[in-house]
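Enquirer: Questions regarding the structure given below will be posed in turn.
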Amino acid sequence: MLPTVILPGYLEGAIAYRQLEQSLQQLGFPAVTVPLRGRDWFPTVGGRSMIPILRQLDHTVKQMLQQYNVSQINLIGHSAGGWISRIYLGETPYSIHKDVTDDAGLWHAHPNVATLVTLGTPHISGERWTKKNLDFVKINYPGAFYPKVRYVCVAGKSIYGARRPGQWLAYSSYKLTCGVGNSWGDGITPIEAAHLEGATNLVIEGVKHSPRTPGIWYGSPEPFKAWVSYLA
């Protein structure tokens, strides 16, 4: 079983993924979360460059490759961590924010990733702060772009967006993401946005977006069983 790296969702720290790490380890996957803290995301707020996160991801992946003497890992990206991981795989310099030279914004990591699992990732967005980054991903790496990488995109189906108490947040988030508020999703990401053309696309009933949300999320024991079998 390959070493597995978890990239947290936006503004989230590594500690929230401890249970998921342990679940993977119990199955025999050497697993580690990129050691982010909430404040590590602050330089990225407002649609700015994800370079600080990409650098920490790259450091963690290289550590795992060296520690276990392997040529590939599994990569799990939760929420924004999924589309940031797609930038990391790529061969096009991520220089759209003019904060790095072309060479510094290039990782070319796809040969080192056997499987990319995205959990509740909004792969599209109409929200003005994230649109620039997501358009870069969509234009340069559409769908399941690298044929030698297995893409597994997991969506949750727990909350229907509607303009009524208890469903307003979901409605607003879905509308910002895919343009339609009256949709099913995990409370933050609508199903439509969480899937990619050409990927193995899964929908899991009852799953909510965040590890901090009351109830079950993608890393809870039952949903975990539905996608972990796709890891190499």
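In the structure tokens, the first chain shown is A, the next is B, and so on; residue numbers restart at 1 for each chain, and ligands run from 1 in the order shown.
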Skipping near chain neighbours, those fewer than 6 positions away, what residues fall within 10 Å of Gly156 of chain A using only C-alpha atoms, listed as a ChimeraX atom specification?
Expert: /A:119-120,184-191,194,202-209,217-218,223
Enquirer: I need the residue nearest His108 of chain A from this list: A:Ala144, A:Val61, A:Ile87, A:Leu7. Use only C-alpha atoms for the distance.
Expert: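 Among the listed residues, A:Ile87 lies closest to His108 of chain A.
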Enquirer: Name the residues in contact with Gly90 of chain A at a cut-off of 10 Å, using only C-alpha atoms, excluding same-chain residues fewer than 5 positions from it; report them as a list of chain:residue names.
Expert: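 Final neighbour list, sorted by chain and number: A:Ser85, A:Gly105, A:Leu106, A:Trp107, A:His108, A:Ala109, A:His110, A:Pro111, A:Val137, A:Asn140, A:Tyr141, A:Phe145, A:Tyr146.
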Enquirer: Name all residues at most 12 Å from Lys62 of chain A (count only C-alpha atoms; drop same-chain ones fewer than 4 positions away) and give them as a list in words.
Expert: Pro3, Thr4, Val5, Val34, Arg55, Gln56, Leu57, Asp58, Gln66, Gln67, Tyr68, Asn69, Val70, Ser71, Gln72, Ile73, Trp107, Ala109, Asn112 and Val113 of chain A
Enquirer: Please identify which residues in segment 40-221 of chain A DSSP calls strand (DSSP E) from the backbone, and express them as a PyMOL selection string.
Expert: chain A and resi 73-78+113-119+150-157+159-160+184-185+200-205
Enquirer: When DSSP works through the backbone of this structure, what residues of segment 68-229 of chain A end up as helix (DSSP H, G or I), shown as a ChimeraX atom specification?
Expert: /A:68,80-89,103-105,110-112,128-140,168-178,191-194,221-228
